[in-house]
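> I have a structure I would like to understand better, so I am pasting it below and will then ask my questions one at a time.
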Amino acid sequence: MLYPLLFEPNLHEVVWGGTRLKPYKGLPSDDTPIGESWEVSSIPGSESVVSNGPYAGRDLNSLTDELGDDILGKTVMKKYGNRLPLLVKFIDAQQDLSIQVHPDDKMALEYHNKKGKTEMWYVIDAKPGASLLAGFKQQITPDEYRRRVEDGTICDVLARHEVKAGDVFYIPAGRVHAICGGILLAEVQQSSDVTYRIYDYNRLGIDGKPRELHTQLASKAINYEVLPDYRTHYVKEKDKAVSVIDSPFFDIRVMDISRPFHRDMRKYDSFVISICMSGSCDIIPRGAGHGPKVRVSSGHSALVPAAIANYDIVPLTPDTRILEAFIDNRGSMV
């Protein structure tokens, strides 16, 4: 019997982390600097573990080994094998993250035998004046890049964006970026842990040692183009699945719902990850033989298997907001 899967907390302590993620997820709070909650992960060593139903206690990778395309979708399996190709996180930045960049698929395969990393951010909350860095604000050369990393002025040529709740940024592989202090956001990315750290303010890590930089590899990965606008613009609409990202790697919808909402996603031949950013809701599969409803509260996420991706979302609070991630396979279905 398939059903929407919920997962055990998967929290990551980092030097720049804050204290908002535990209370956001309804967990006892303390002073541990938790920077990331890996909501749905197939990364080896940090796989998500199911917390509900008959599969409780099973890790996600063992389930996709066993159930394959029933969870992932036939086309997803053909493209990516039996591993979930997306990684979903909540990120709480109390301090600025390092300046970094990610390689594309070609470079990541060549240097690491892994997938590249394109990602997107949805700002859940931002303190007044909080900002993030994405892209260059002026044209520079690779030589100037290396000089500015050495003398600590690399931030001077990056585009800084003041943000508020609801802002969206698409970060393709090759774009230099950094989340800055005071921001809580949801991140959807390719399932990859390859990050090139360019500059880290001479900061020490949790272990008290300087954090490793990857200046040379980063110089090969960076796209130096300058764009007039790096923000993703969209029109907010109530009780509608609003498309905010449509990319080769993932599709993202935002839903502010105040009434029961039907989602028939079977045409995409993909799993669906529903990330509850505020409020709470029930996800109720349609059809005989499907599992019971699953409740998803603020700060939690559910993985809806491809085989049962026909369901209703019933909000339990008037402020329910869902971020939905899947892969649109309609142009390449098997």
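In the structure tokens, chains take the letters A, B, ... in the order shown, each chain's residues start at 1, and ligands count up from 1 in the order shown.
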So that I can check the secondary structure, give me every residue of range 98-299 of chain A assigned alpha helix (DSSP H) by backbone DSSP, as a ChimeraX atom specification.

/A:105-112,142-151,215-221

> Could you please take those selected residues and save N, CA and C atoms as an mmCIF file, in the first residue's frame?


```cif
data_model
loop_
_atom_site.group_PDB
_atom_site.id
_atom_site.type_symbol
_atom_site.label_atom_id
_atom_site.label_comp_id
_atom_site.auth_asym_id
_atom_site.auth_seq_id
_atom_site.Cartn_x
_atom_site.Cartn_y
_atom_site.Cartn_z
ATOM 1 N N ASP A 105 26.242 19.783 -14.352
ATOM 2 C CA ASP A 105 26.329 18.323 -14.421
ATOM 3 C C ASP A 105 27.631 17.851 -15.061
ATOM 4 N N LYS A 106 28.042 18.535 -16.125
ATOM 5 C CA LYS A 106 29.239 18.106 -16.853
ATOM 6 C C LYS A 106 30.477 18.198 -15.971
ATOM 7 N N MET A 107 30.652 19.327 -15.289
ATOM 8 C CA MET A 107 31.844 19.503 -14.450
ATOM 9 C C MET A 107 31.798 18.595 -13.226
ATOM 10 N N ALA A 108 30.618 18.466 -12.622
ATOM 11 C CA ALA A 108 30.504 17.623 -11.431
ATOM 12 C C ALA A 108 30.797 16.162 -11.758
ATOM 13 N N LEU A 109 30.369 15.735 -12.929
ATOM 14 C CA LEU A 109 30.662 14.363 -13.343
ATOM 15 C C LEU A 109 32.156 14.171 -13.584
ATOM 16 N N GLU A 110 32.780 15.154 -14.234
ATOM 17 C CA GLU A 110 34.198 15.049 -14.560
ATOM 18 C C GLU A 110 35.076 15.028 -13.305
ATOM 19 N N TYR A 111 34.775 15.900 -12.351
ATOM 20 C CA TYR A 111 35.655 16.058 -11.188
ATOM 21 C C TYR A 111 35.240 15.220 -9.978
ATOM 22 N N HIS A 112 33.946 14.860 -9.883
ATOM 23 C CA HIS A 112 33.464 14.212 -8.661
ATOM 24 C C HIS A 112 32.620 12.964 -8.918
ATOM 25 N N PRO A 142 38.160 36.371 -14.820
ATOM 26 C CA PRO A 142 38.660 35.349 -13.885
ATOM 27 C C PRO A 142 39.865 35.827 -13.074
ATOM 28 N N ASP A 143 40.735 36.622 -13.684
ATOM 29 C CA ASP A 143 41.895 37.145 -12.942
ATOM 30 C C ASP A 143 41.453 38.079 -11.828
ATOM 31 N N GLU A 144 40.488 38.946 -12.124
ATOM 32 C CA GLU A 144 39.984 39.852 -11.093
ATOM 33 C C GLU A 144 39.284 39.064 -9.985
ATOM 34 N N TYR A 145 38.560 38.027 -10.374
ATOM 35 C CA TYR A 145 37.915 37.158 -9.376
ATOM 36 C C TYR A 145 38.945 36.629 -8.386
ATOM 37 N N ARG A 146 40.052 36.073 -8.895
ATOM 38 C CA ARG A 146 41.058 35.499 -8.008
ATOM 39 C C ARG A 146 41.687 36.562 -7.106
ATOM 40 N N ARG A 147 41.910 37.754 -7.675
ATOM 41 C CA ARG A 147 42.495 38.831 -6.873
ATOM 42 C C ARG A 147 41.543 39.260 -5.758
ATOM 43 N N ARG A 148 40.257 39.366 -6.089
ATOM 44 C CA ARG A 148 39.279 39.818 -5.094
ATOM 45 C C ARG A 148 39.048 38.761 -4.005
ATOM 46 N N VAL A 149 39.166 37.492 -4.344
ATOM 47 C CA VAL A 149 39.085 36.461 -3.318
ATOM 48 C C VAL A 149 40.270 36.597 -2.361
ATOM 49 N N GLU A 150 41.442 36.841 -2.915
ATOM 50 C CA GLU A 150 42.648 36.956 -2.096
ATOM 51 C C GLU A 150 42.605 38.166 -1.167
ATOM 52 N N ASP A 151 42.098 39.309 -1.663
ATOM 53 C CA ASP A 151 42.116 40.515 -0.818
ATOM 54 C C ASP A 151 40.793 40.746 -0.074
ATOM 55 N N THR A 215 38.906 27.731 -4.325
ATOM 56 C CA THR A 215 39.016 28.877 -5.228
ATOM 57 C C THR A 215 39.247 28.463 -6.679
ATOM 58 N N GLN A 216 40.135 27.501 -6.901
ATOM 59 C CA GLN A 216 40.472 27.127 -8.273
ATOM 60 C C GLN A 216 39.328 26.392 -8.958
ATOM 61 N N LEU A 217 38.728 25.427 -8.268
ATOM 62 C CA LEU A 217 37.581 24.725 -8.853
ATOM 63 C C LEU A 217 36.436 25.698 -9.110
ATOM 64 N N ALA A 218 36.225 26.625 -8.182
ATOM 65 C CA ALA A 218 35.152 27.608 -8.358
ATOM 66 C C ALA A 218 35.366 28.443 -9.606
ATOM 67 N N SER A 219 36.624 28.802 -9.881
ATOM 68 C CA SER A 219 36.909 29.635 -11.050
ATOM 69 C C SER A 219 36.519 28.933 -12.347
ATOM 70 N N LYS A 220 36.573 27.601 -12.356
ATOM 71 C CA LYS A 220 36.163 26.835 -13.532
ATOM 72 C C LYS A 220 34.643 26.733 -13.643
ATOM 73 N N ALA A 221 33.963 26.818 -12.511
ATOM 74 C CA ALA A 221 32.504 26.630 -12.488
ATOM 75 C C ALA A 221 31.726 27.920 -12.722
#
```

> Do a neighbour search on His161 in chain A at 7 Å with only C-alpha atoms, toss out local chain neighbours closer than 2 positions, and write the hits as a list in words.

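Within the cut-off, the hits are Ser131, Leu132, Leu133, Ala159 and Val163 of chain A.
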
> Smallest atom-to-atom distance to Ile252 in chain A: which of A:Phe326, A:Tyr230, A:Lys240, A:Asp96, using only C-alpha atoms?

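Of A:Phe326, A:Tyr230, A:Lys240, A:Asp96, the one nearest Ile252 in chain A is A:Phe326, counting only C-alpha atoms.
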
> Quick one, how far is CA of Ser41 in chain A from CA of Val88 in chain A?

6.7 Å

> Got a sec: who's within 12 Å of Ser332 in chain A, counting only C-alpha atoms, leaving out chain neighbours fewer than 6 positions off, as a VMD selection string?

chain A and resid 74 to 76 78 to 79 248 267 to 270

> For Tyr3 in chain A, which of A:Asp70, A:His177, A:Thr320, A:Ile313 is the closest residue, counting only C-alpha atoms?

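So, comparing all the options, the nearest one is A:Asp70.
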
> Where does DSSP see strand (DSSP E or B) in range 40-286 of chain A, if you list the residues as a PyMOL selection string?

chain A and resi 40+49-50+59+86-93+99-101+119-126+131-136+158-162+168-171+177-179+183-190+196-199+204+210+231-232+238+241-246+251-257+261-264+272-278+280-285

> To one decimal place, how far is CA of Arg259 in chain A from CA of Val296 in chain A in Å?

15.4 Å

> Considering only C-alpha atoms, return as a VMD selection string whatever protein or nucleic-acid residues lie within 12 Å of Phe249 in chain A, sequence-local ones (same chain, fewer than 5 positions apart) excluded.

chain A and resid 76 79 to 80 85 to 87 104 to 105 115 to 120 170 to 173 188 to 191 325 to 329

> Find, counting only C-alpha atoms, the residue in A:Ile99, A:Leu72, A:Val304, A:Met277 that gets nearest to Gly152 in chain A.

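Between A:Ile99, A:Leu72, A:Val304, A:Met277, the residue approaching Gly152 in chain A most closely is A:Ile99.
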
> Please indicate the distance in Å from CA of Ala134 in chain A to CA of Ser301 in chain A, rounded to one decimal place.

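Answer for the CA of Ala134 in chain A to CA of Ser301 in chain A separation: 26.4 Å.
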
> Leaving out Gln100 in chain A and any residue of its chain fewer than 4 positions from it, which residues lie within 7 Å of it when counting only C-alpha atoms, given as a list in words?

Val176, His177, Ala178, Thr195, Tyr196, Arg197 and Ile198 of chain A

> Those residues you just picked out, can you put them in a file as an mmCIF file, in the first residue's frame with C-alpha atoms?


```cif
data_model
loop_
_atom_site.group_PDB
_atom_site.id
_atom_site.type_symbol
_atom_site.label_atom_id
_atom_site.label_comp_id
_atom_site.auth_asym_id
_atom_site.auth_seq_id
_atom_site.Cartn_x
_atom_site.Cartn_y
_atom_site.Cartn_z
ATOM 1 C CA VAL A 176 27.870 32.892 -7.396
ATOM 2 C CA HIS A 177 25.591 33.297 -4.380
ATOM 3 C CA ALA A 178 25.224 33.457 -0.596
ATOM 4 C CA THR A 195 29.665 23.007 -3.218
ATOM 5 C CA TYR A 196 32.682 25.190 -3.978
ATOM 6 C CA ARG A 197 33.323 27.622 -1.139
ATOM 7 C CA ILE A 198 34.877 30.802 -2.540
#
```

> List the spatial neighbours of Leu316 in chain A as a short mmCIF file (atom, residue, chain, number, x, y, z; two decimals) with N, CA and C atoms, in the first residue's frame - criterion: any atom at most 12 Å away, only C-alpha atoms, same-chain residues fewer than 6 positions off excluded.


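What follows is the written file selection_29.cif:
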```
data_model
loop_
_atom_site.label_atom_id
_atom_site.label_comp_id
_atom_site.auth_asym_id
_atom_site.auth_seq_id
_atom_site.Cartn_x
_atom_site.Cartn_y
_atom_site.Cartn_z
N ILE A 257 -3.73 28.28 0.11
CA ILE A 257 -5.04 27.64 -0.02
C ILE A 257 -5.89 27.86 1.23
N SER A 258 -7.18 28.11 0.97
CA SER A 258 -8.14 28.33 2.05
C SER A 258 -9.32 27.37 1.94
N ARG A 259 -9.27 26.48 0.95
CA ARG A 259 -10.35 25.51 0.72
C ARG A 259 -9.73 24.22 0.17
N PRO A 260 -10.47 23.12 0.19
CA PRO A 260 -9.94 21.86 -0.36
C PRO A 260 -9.49 22.05 -1.81
N PHE A 261 -8.36 21.43 -2.12
CA PHE A 261 -7.67 21.70 -3.39
C PHE A 261 -7.27 20.37 -4.00
N CYS A 276 5.23 22.20 3.58
CA CYS A 276 4.30 23.09 4.27
C CYS A 276 5.10 24.21 4.94
N SER A 278 3.60 27.23 6.01
CA SER A 278 2.81 27.82 7.08
C SER A 278 1.47 27.11 7.15
N GLY A 279 0.86 27.16 8.34
CA GLY A 279 -0.43 26.50 8.53
C GLY A 279 -0.28 25.00 8.62
N SER A 280 -1.33 24.29 8.25
CA SER A 280 -1.30 22.83 8.22
C SER A 280 -2.40 22.33 7.29
N CYS A 281 -2.23 21.09 6.84
CA CYS A 281 -3.20 20.54 5.89
C CYS A 281 -3.20 19.02 5.98
N ASP A 282 -4.26 18.41 5.44
CA ASP A 282 -4.30 16.98 5.22
C ASP A 282 -4.11 16.70 3.74
N ILE A 283 -3.28 15.70 3.42
CA ILE A 283 -3.15 15.22 2.05
C ILE A 283 -3.91 13.89 1.98
N ARG A 295 -1.33 14.13 7.68
CA ARG A 295 -1.35 15.53 8.12
C ARG A 295 0.06 16.11 8.02
N VAL A 296 0.15 17.29 7.39
CA VAL A 296 1.44 17.96 7.23
C VAL A 296 1.32 19.34 7.86
N SER A 297 2.18 19.61 8.83
CA SER A 297 2.14 20.89 9.54
C SER A 297 3.29 21.77 9.12
N SER A 298 3.21 23.03 9.49
CA SER A 298 4.26 24.00 9.19
C SER A 298 5.62 23.47 9.61
#
```

> Could you check the closest approach to Ser192 in chain A for each of A:Asn113, A:Ser48, A:Ser274, A:Thr153 and tell me which residue wins, using only C-alpha atoms?

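Nearest candidate to Ser192 in chain A out of A:Asn113, A:Ser48, A:Ser274, A:Thr153: A:Asn113.
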
> Within 10 Å of Ser98 in chain A, counting only C-alpha atoms, which residues qualify if same-chain residues fewer than 3 places away don't, as a ChimeraX atom specification?

/A:16,95,101,177-180,196-203,211,213

> Write out, as an mmCIF file, in the first residue's frame, the residues just selected, with C-alpha atoms.


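Generated output (selection-v2.cif):
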```cif
data_model
loop_
_atom_site.group_PDB
_atom_site.id
_atom_site.type_symbol
_atom_site.label_atom_id
_atom_site.label_comp_id
_atom_site.auth_asym_id
_atom_site.auth_seq_id
_atom_site.Cartn_x
_atom_site.Cartn_y
_atom_site.Cartn_z
ATOM 1 C CA TRP A 16 26.289 30.024 10.662
ATOM 2 C CA GLN A 95 24.958 34.585 10.096
ATOM 3 C CA VAL A 101 29.129 28.388 -6.442
ATOM 4 C CA HIS A 177 25.591 33.297 -4.380
ATOM 5 C CA ALA A 178 25.224 33.457 -0.596
ATOM 6 C CA ILE A 179 22.325 33.507 1.845
ATOM 7 C CA CYS A 180 22.912 36.216 4.433
ATOM 8 C CA TYR A 196 32.682 25.190 -3.978
ATOM 9 C CA ARG A 197 33.323 27.622 -1.139
ATOM 10 C CA ILE A 198 34.877 30.802 -2.540
ATOM 11 C CA TYR A 199 35.153 33.085 0.492
ATOM 12 C CA ASP A 200 34.179 32.620 4.142
ATOM 13 C CA TYR A 201 35.166 35.849 5.923
ATOM 14 C CA ASN A 202 38.173 34.060 7.543
ATOM 15 C CA ARG A 203 35.656 32.272 9.769
ATOM 16 C CA ARG A 211 36.852 26.117 6.624
ATOM 17 C CA LEU A 213 38.057 27.028 0.269
#
```
